[in-house]
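What follows is the content of entry.cif (mmCIF, N, CA and C atoms).
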data_start
#
loop_
_atom_site.label_atom_id
_atom_site.label_comp_id
_atom_site.auth_asym_id
_atom_site.auth_seq_id
_atom_site.Cartn_x
_atom_site.Cartn_y
_atom_site.Cartn_z
N ASN P 1 -5.38 0.23 15.08
CA ASN P 1 -4.81 -0.87 14.32
C ASN P 1 -5.92 -1.70 13.69
N THR P 2 -5.74 -2.00 12.43
CA THR P 2 -6.72 -2.82 11.72
C THR P 2 -6.03 -4.06 11.19
N TYR P 3 -6.66 -5.21 11.34
CA TYR P 3 -6.10 -6.46 10.86
C TYR P 3 -6.86 -6.89 9.61
N LEU P 4 -6.21 -6.72 8.45
CA LEU P 4 -6.81 -7.08 7.17
C LEU P 4 -5.88 -8.01 6.38
N ARG P 5 -5.12 -8.80 7.07
CA ARG P 5 -4.16 -9.71 6.45
C ARG P 5 -4.87 -10.65 5.47
N GLY P 6 -4.40 -10.62 4.20
CA GLY P 6 -4.93 -11.49 3.16
C GLY P 6 -6.31 -11.11 2.64
N ALA P 7 -6.84 -9.97 3.03
CA ALA P 7 -8.19 -9.56 2.63
C ALA P 7 -8.28 -9.29 1.13
N ASP P 8 -9.42 -9.59 0.56
CA ASP P 8 -9.67 -9.29 -0.86
C ASP P 8 -10.38 -7.95 -0.94
N LEU P 9 -9.62 -6.91 -1.25
CA LEU P 9 -10.15 -5.54 -1.30
C LEU P 9 -10.01 -4.96 -2.71
N ARG P 10 -10.00 -5.84 -3.70
CA ARG P 10 -9.89 -5.38 -5.09
C ARG P 10 -11.06 -4.47 -5.41
N ARG P 11 -10.74 -3.35 -6.13
CA ARG P 11 -11.72 -2.36 -6.58
C ARG P 11 -12.49 -1.70 -5.43
N THR P 12 -11.94 -1.71 -4.24
CA THR P 12 -12.58 -1.09 -3.08
C THR P 12 -12.25 0.40 -3.01
N ASN P 13 -13.21 1.20 -2.59
CA ASN P 13 -12.99 2.63 -2.41
C ASN P 13 -12.60 2.88 -0.95
N LEU P 14 -11.31 3.14 -0.73
CA LEU P 14 -10.79 3.42 0.60
C LEU P 14 -10.29 4.86 0.70
N GLU P 15 -10.83 5.72 -0.15
CA GLU P 15 -10.38 7.12 -0.19
C GLU P 15 -10.50 7.76 1.18
N GLY P 16 -9.36 8.32 1.64
CA GLY P 16 -9.34 9.05 2.91
C GLY P 16 -9.36 8.19 4.16
N ALA P 17 -9.31 6.88 4.02
CA ALA P 17 -9.37 5.98 5.18
C ALA P 17 -8.09 6.09 6.02
N ASP P 18 -8.21 5.85 7.31
CA ASP P 18 -7.05 5.81 8.19
C ASP P 18 -6.70 4.35 8.46
N LEU P 19 -5.70 3.86 7.75
CA LEU P 19 -5.22 2.48 7.92
C LEU P 19 -3.82 2.46 8.51
N SER P 20 -3.48 3.53 9.23
CA SER P 20 -2.16 3.60 9.85
C SER P 20 -1.99 2.46 10.84
N ASP P 21 -0.78 1.92 10.90
CA ASP P 21 -0.41 0.83 11.81
C ASP P 21 -1.19 -0.46 11.55
N SER P 22 -1.80 -0.58 10.38
CA SER P 22 -2.59 -1.78 10.05
C SER P 22 -1.74 -2.89 9.47
N ASP P 23 -2.22 -4.12 9.61
CA ASP P 23 -1.58 -5.27 8.98
C ASP P 23 -2.41 -5.65 7.76
N LEU P 24 -1.90 -5.28 6.58
CA LEU P 24 -2.55 -5.59 5.31
C LEU P 24 -1.72 -6.59 4.51
N SER P 25 -0.80 -7.27 5.18
CA SER P 25 0.11 -8.17 4.46
C SER P 25 -0.67 -9.21 3.66
N GLY P 26 -0.25 -9.38 2.41
CA GLY P 26 -0.88 -10.35 1.52
C GLY P 26 -2.24 -9.95 0.99
N ALA P 27 -2.69 -8.74 1.30
CA ALA P 27 -4.02 -8.30 0.84
C ALA P 27 -4.01 -8.02 -0.66
N LYS P 28 -5.17 -8.17 -1.26
CA LYS P 28 -5.35 -7.87 -2.68
C LYS P 28 -6.05 -6.52 -2.79
N LEU P 29 -5.29 -5.50 -3.23
CA LEU P 29 -5.80 -4.14 -3.34
C LEU P 29 -5.70 -3.62 -4.77
N SER P 30 -5.64 -4.50 -5.74
CA SER P 30 -5.52 -4.04 -7.12
C SER P 30 -6.77 -3.26 -7.51
N HIS P 31 -6.56 -2.22 -8.31
CA HIS P 31 -7.62 -1.34 -8.80
C HIS P 31 -8.39 -0.64 -7.68
N ALA P 32 -7.79 -0.53 -6.49
CA ALA P 32 -8.45 0.13 -5.37
C ALA P 32 -8.22 1.65 -5.42
N ASN P 33 -9.14 2.39 -4.83
CA ASN P 33 -9.01 3.83 -4.70
C ASN P 33 -8.44 4.12 -3.32
N LEU P 34 -7.17 4.50 -3.27
CA LEU P 34 -6.49 4.79 -2.01
C LEU P 34 -6.09 6.27 -1.93
N LYS P 35 -6.80 7.13 -2.64
CA LYS P 35 -6.50 8.57 -2.63
C LYS P 35 -6.58 9.09 -1.20
N GLY P 36 -5.49 9.74 -0.77
CA GLY P 36 -5.48 10.37 0.55
C GLY P 36 -5.54 9.41 1.72
N THR P 37 -5.35 8.13 1.48
CA THR P 37 -5.41 7.14 2.56
C THR P 37 -4.16 7.23 3.43
N ASN P 38 -4.34 7.14 4.74
CA ASN P 38 -3.22 7.16 5.66
C ASN P 38 -2.78 5.73 5.92
N LEU P 39 -1.62 5.36 5.35
CA LEU P 39 -1.07 4.02 5.52
C LEU P 39 0.21 4.05 6.35
N ALA P 40 0.43 5.12 7.10
CA ALA P 40 1.66 5.27 7.88
C ALA P 40 1.90 4.06 8.77
N ASN P 41 3.12 3.53 8.69
CA ASN P 41 3.58 2.41 9.50
C ASN P 41 2.78 1.12 9.29
N ALA P 42 2.07 1.02 8.18
CA ALA P 42 1.30 -0.20 7.89
C ALA P 42 2.22 -1.29 7.34
N ASN P 43 1.81 -2.52 7.53
CA ASN P 43 2.53 -3.66 6.96
C ASN P 43 1.87 -4.02 5.64
N LEU P 44 2.55 -3.69 4.52
CA LEU P 44 2.04 -3.99 3.19
C LEU P 44 2.90 -5.05 2.50
N THR P 45 3.48 -5.94 3.28
CA THR P 45 4.28 -7.02 2.73
C THR P 45 3.43 -7.88 1.80
N ARG P 46 3.94 -8.13 0.59
CA ARG P 46 3.28 -8.98 -0.42
C ARG P 46 1.88 -8.47 -0.82
N VAL P 47 1.61 -7.19 -0.67
CA VAL P 47 0.32 -6.61 -1.07
C VAL P 47 0.32 -6.35 -2.58
N ASP P 48 -0.80 -6.63 -3.21
CA ASP P 48 -0.96 -6.32 -4.63
C ASP P 48 -1.68 -4.99 -4.76
N LEU P 49 -0.93 -3.95 -5.13
CA LEU P 49 -1.50 -2.61 -5.32
C LEU P 49 -1.58 -2.25 -6.80
N SER P 50 -1.46 -3.23 -7.67
CA SER P 50 -1.42 -2.95 -9.11
C SER P 50 -2.66 -2.19 -9.56
N ALA P 51 -2.42 -1.18 -10.38
CA ALA P 51 -3.45 -0.33 -10.98
C ALA P 51 -4.30 0.41 -9.95
N SER P 52 -3.78 0.59 -8.74
CA SER P 52 -4.50 1.35 -7.71
C SER P 52 -4.14 2.83 -7.79
N ASP P 53 -5.05 3.68 -7.31
CA ASP P 53 -4.80 5.12 -7.27
C ASP P 53 -4.24 5.46 -5.90
N LEU P 54 -2.97 5.85 -5.87
CA LEU P 54 -2.27 6.16 -4.63
C LEU P 54 -2.06 7.66 -4.42
N THR P 55 -2.78 8.48 -5.18
CA THR P 55 -2.63 9.93 -5.11
C THR P 55 -2.81 10.44 -3.69
N GLY P 56 -1.77 11.08 -3.16
CA GLY P 56 -1.87 11.70 -1.84
C GLY P 56 -1.85 10.73 -0.67
N ALA P 57 -1.64 9.44 -0.92
CA ALA P 57 -1.59 8.47 0.18
C ALA P 57 -0.31 8.66 1.00
N ASN P 58 -0.40 8.42 2.29
CA ASN P 58 0.74 8.56 3.20
C ASN P 58 1.39 7.19 3.36
N PHE P 59 2.64 7.06 2.86
CA PHE P 59 3.38 5.81 2.94
C PHE P 59 4.55 5.89 3.93
N GLN P 60 4.51 6.84 4.84
CA GLN P 60 5.62 7.01 5.78
C GLN P 60 5.77 5.77 6.66
N GLY P 61 6.97 5.18 6.65
CA GLY P 61 7.27 4.04 7.50
C GLY P 61 6.62 2.73 7.07
N VAL P 62 6.09 2.67 5.87
CA VAL P 62 5.39 1.47 5.38
C VAL P 62 6.37 0.38 4.99
N ASN P 63 6.02 -0.86 5.28
CA ASN P 63 6.80 -2.03 4.85
C ASN P 63 6.21 -2.51 3.52
N LEU P 64 6.96 -2.32 2.43
CA LEU P 64 6.51 -2.71 1.10
C LEU P 64 7.29 -3.91 0.54
N THR P 65 7.82 -4.74 1.42
CA THR P 65 8.58 -5.90 0.97
C THR P 65 7.73 -6.77 0.05
N LYS P 66 8.25 -7.00 -1.16
CA LYS P 66 7.61 -7.84 -2.18
C LYS P 66 6.21 -7.37 -2.58
N ALA P 67 5.91 -6.08 -2.38
CA ALA P 67 4.63 -5.53 -2.82
C ALA P 67 4.63 -5.36 -4.34
N VAL P 68 3.46 -5.48 -4.95
CA VAL P 68 3.30 -5.30 -6.39
C VAL P 68 2.73 -3.91 -6.62
N LEU P 69 3.48 -3.07 -7.35
CA LEU P 69 3.07 -1.68 -7.58
C LEU P 69 2.96 -1.37 -9.07
N THR P 70 2.71 -2.36 -9.88
CA THR P 70 2.61 -2.20 -11.32
C THR P 70 1.43 -1.32 -11.70
N ASP P 71 1.66 -0.35 -12.57
CA ASP P 71 0.61 0.52 -13.12
C ASP P 71 -0.18 1.30 -12.07
N THR P 72 0.45 1.63 -10.94
CA THR P 72 -0.25 2.45 -9.96
C THR P 72 -0.38 3.88 -10.47
N VAL P 73 -1.38 4.59 -9.98
CA VAL P 73 -1.65 5.96 -10.38
C VAL P 73 -1.32 6.88 -9.22
N GLY P 74 -0.79 8.05 -9.54
CA GLY P 74 -0.53 9.05 -8.51
C GLY P 74 0.95 9.38 -8.44
N PRO P 75 1.23 10.55 -7.90
CA PRO P 75 2.64 10.95 -7.79
C PRO P 75 3.36 10.05 -6.80
N VAL P 76 4.60 9.72 -7.12
CA VAL P 76 5.42 8.90 -6.24
C VAL P 76 6.48 9.80 -5.63
N SER P 77 6.46 9.94 -4.33
CA SER P 77 7.40 10.83 -3.67
C SER P 77 8.76 10.16 -3.51
N TYR P 78 9.78 10.98 -3.29
CA TYR P 78 11.13 10.47 -3.07
C TYR P 78 11.15 9.51 -1.87
N THR P 79 10.42 9.86 -0.81
CA THR P 79 10.36 9.00 0.37
C THR P 79 9.81 7.64 0.00
N HIS P 80 8.78 7.62 -0.81
CA HIS P 80 8.16 6.37 -1.26
C HIS P 80 9.19 5.51 -1.99
N LEU P 81 9.97 6.11 -2.88
CA LEU P 81 10.98 5.36 -3.62
C LEU P 81 12.06 4.81 -2.69
N THR P 82 12.43 5.59 -1.69
CA THR P 82 13.43 5.13 -0.73
C THR P 82 12.92 3.91 0.03
N LEU P 83 11.67 3.95 0.44
CA LEU P 83 11.09 2.80 1.14
C LEU P 83 11.08 1.57 0.25
N LEU P 84 10.73 1.76 -1.02
CA LEU P 84 10.71 0.63 -1.95
C LEU P 84 12.08 0.01 -2.10
N GLU P 85 13.09 0.85 -2.24
CA GLU P 85 14.44 0.34 -2.42
C GLU P 85 14.89 -0.46 -1.20
N SER P 86 14.65 0.07 -0.02
CA SER P 86 15.09 -0.65 1.18
C SER P 86 14.26 -1.91 1.40
N ALA P 87 12.98 -1.87 1.06
CA ALA P 87 12.13 -3.04 1.22
C ALA P 87 12.55 -4.15 0.27
N GLU P 88 12.92 -3.81 -0.97
CA GLU P 88 13.31 -4.82 -1.93
C GLU P 88 14.61 -5.50 -1.55
N ARG P 89 15.45 -4.83 -0.80
CA ARG P 89 16.72 -5.41 -0.38
C ARG P 89 16.56 -6.32 0.83
N ALA P 90 15.45 -6.16 1.54
CA ALA P 90 15.24 -6.90 2.79
C ALA P 90 15.11 -8.40 2.54
#
Please express the file's structure as structure tokens.
Amino acid sequence: NTYLRGADLRRTNLEGADLSDSDLSGAKLSHANLKGTNLANANLTRVDLSASDLTGANFQGVNLTKAVLTDTVGPVSYTHLTLLESAERA
């Protein structure tokens, strides 16, 4: 578990990092490289992921409530869309 709540990680290279079960709520991750990053079960509430590369990232069980995903790069899986829909309703 990693505690990065509110961290400024803009333009950071986190390719392949294991951030599973981490608390990244409120973090600034715009323009970050998250290719292949494991974010399983992470708390991404109110995270700014705008213009980040999410190619191959694992979003299984992620909390994306009020997350900003504008202009992200990478394929978006059906599971990812389902999580977004349920998070937005929360």
Do you know which residues the PyMOL selection byres ((chain P and resi 50) around 7) returns on this file, as a PyMOL selection string? chain P and resi 29-32+47-49+51-53+68-73
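For Ser20 of chain P, the non-local neighbours within 9 Å, defined as residues at least 5 positions apart in the same chain or in other chains and counting only C-alpha atoms, are P:Asn1, P:Thr2, P:Thr37, P:Asn38, P:Leu39, P:Ala40, P:Asn41, P:Ala42, P:Asn58.
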Take the PyMOL selection byres ((chain P and resi 27) around 7), apply it to the structure above, and return the hits as an mmCIF file with N, CA and C atoms, in the coordinates of the input.
data_model
loop_
_atom_site.group_PDB
_atom_site.id
_atom_site.type_symbol
_atom_site.label_atom_id
_atom_site.label_comp_id
_atom_site.auth_asym_id
_atom_site.auth_seq_id
_atom_site.Cartn_x
_atom_site.Cartn_y
_atom_site.Cartn_z
ATOM 1 N N LEU P 4 -6.210 -6.720 8.450
ATOM 2 C CA LEU P 4 -6.810 -7.080 7.170
ATOM 3 C C LEU P 4 -5.880 -8.010 6.380
ATOM 4 N N ARG P 5 -5.120 -8.800 7.070
ATOM 5 C CA ARG P 5 -4.160 -9.710 6.450
ATOM 6 C C ARG P 5 -4.870 -10.650 5.470
ATOM 7 N N GLY P 6 -4.400 -10.620 4.200
ATOM 8 C CA GLY P 6 -4.930 -11.490 3.160
ATOM 9 C C GLY P 6 -6.310 -11.110 2.640
ATOM 10 N N ALA P 7 -6.840 -9.970 3.030
ATOM 11 C CA ALA P 7 -8.190 -9.560 2.630
ATOM 12 C C ALA P 7 -8.280 -9.290 1.130
ATOM 13 N N ASP P 8 -9.420 -9.590 0.560
ATOM 14 C CA ASP P 8 -9.670 -9.290 -0.860
ATOM 15 C C ASP P 8 -10.380 -7.950 -0.940
ATOM 16 N N LEU P 9 -9.620 -6.910 -1.250
ATOM 17 C CA LEU P 9 -10.150 -5.540 -1.300
ATOM 18 C C LEU P 9 -10.010 -4.960 -2.710
ATOM 19 N N LEU P 24 -1.900 -5.280 6.580
ATOM 20 C CA LEU P 24 -2.550 -5.590 5.310
ATOM 21 C C LEU P 24 -1.720 -6.590 4.510
ATOM 22 N N SER P 25 -0.800 -7.270 5.180
ATOM 23 C CA SER P 25 0.110 -8.170 4.460
ATOM 24 C C SER P 25 -0.670 -9.210 3.660
ATOM 25 N N GLY P 26 -0.250 -9.380 2.410
ATOM 26 C CA GLY P 26 -0.880 -10.350 1.520
ATOM 27 C C GLY P 26 -2.240 -9.950 0.990
ATOM 28 N N LYS P 28 -5.170 -8.170 -1.260
ATOM 29 C CA LYS P 28 -5.350 -7.870 -2.680
ATOM 30 C C LYS P 28 -6.050 -6.520 -2.790
ATOM 31 N N LEU P 29 -5.290 -5.500 -3.230
ATOM 32 C CA LEU P 29 -5.800 -4.140 -3.340
ATOM 33 C C LEU P 29 -5.700 -3.620 -4.770
ATOM 34 N N SER P 30 -5.640 -4.500 -5.740
ATOM 35 C CA SER P 30 -5.520 -4.040 -7.120
ATOM 36 C C SER P 30 -6.770 -3.260 -7.510
ATOM 37 N N LEU P 44 2.550 -3.690 4.520
ATOM 38 C CA LEU P 44 2.040 -3.990 3.190
ATOM 39 C C LEU P 44 2.900 -5.050 2.500
ATOM 40 N N THR P 45 3.480 -5.940 3.280
ATOM 41 C CA THR P 45 4.280 -7.020 2.730
ATOM 42 C C THR P 45 3.430 -7.880 1.800
ATOM 43 N N ARG P 46 3.940 -8.130 0.590
ATOM 44 C CA ARG P 46 3.280 -8.980 -0.420
ATOM 45 C C ARG P 46 1.880 -8.470 -0.820
ATOM 46 N N VAL P 47 1.610 -7.190 -0.670
ATOM 47 C CA VAL P 47 0.320 -6.610 -1.070
ATOM 48 C C VAL P 47 0.320 -6.350 -2.580
ATOM 49 N N ASP P 48 -0.800 -6.630 -3.210
ATOM 50 C CA ASP P 48 -0.960 -6.320 -4.630
ATOM 51 C C ASP P 48 -1.680 -4.990 -4.760
ATOM 52 N N LEU P 49 -0.930 -3.950 -5.130
ATOM 53 C CA LEU P 49 -1.500 -2.610 -5.320
ATOM 54 C C LEU P 49 -1.580 -2.250 -6.800
#
One decimal place gives the atom C of Pro75 of chain P-atom C of Ser22 of chain P separation as 21.4 Å
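Atom N of Tyr3 of chain P sits 22.7 Å away from atom CA of Thr55 of chain P.
Between atom N of Asn33 of chain P and atom N of Asn13 of chain P there is a distance of 4.8 Å.
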When the PyMOL selection byres ((chain P and resi 65) around 5) is applied to the file above, which residues end up in the set, as a PyMOL selection string? chain P and resi 45-46+63-64+66-67+87
DSSP says strand (DSSP E or B) for which residues of chain P? Put them as a PyMOL selection string? chain P and resi 3+8+13+18+23+28+33+38+43+48+53+58+63+68+73
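Those residues in segment 5-86 of chain P carrying a DSSP assignment of alpha helix (DSSP H), computed from the backbone, are Tyr78, Thr79, His80, Leu81, Thr82, Leu83, Leu84, Glu85 and Ser86 of chain P.
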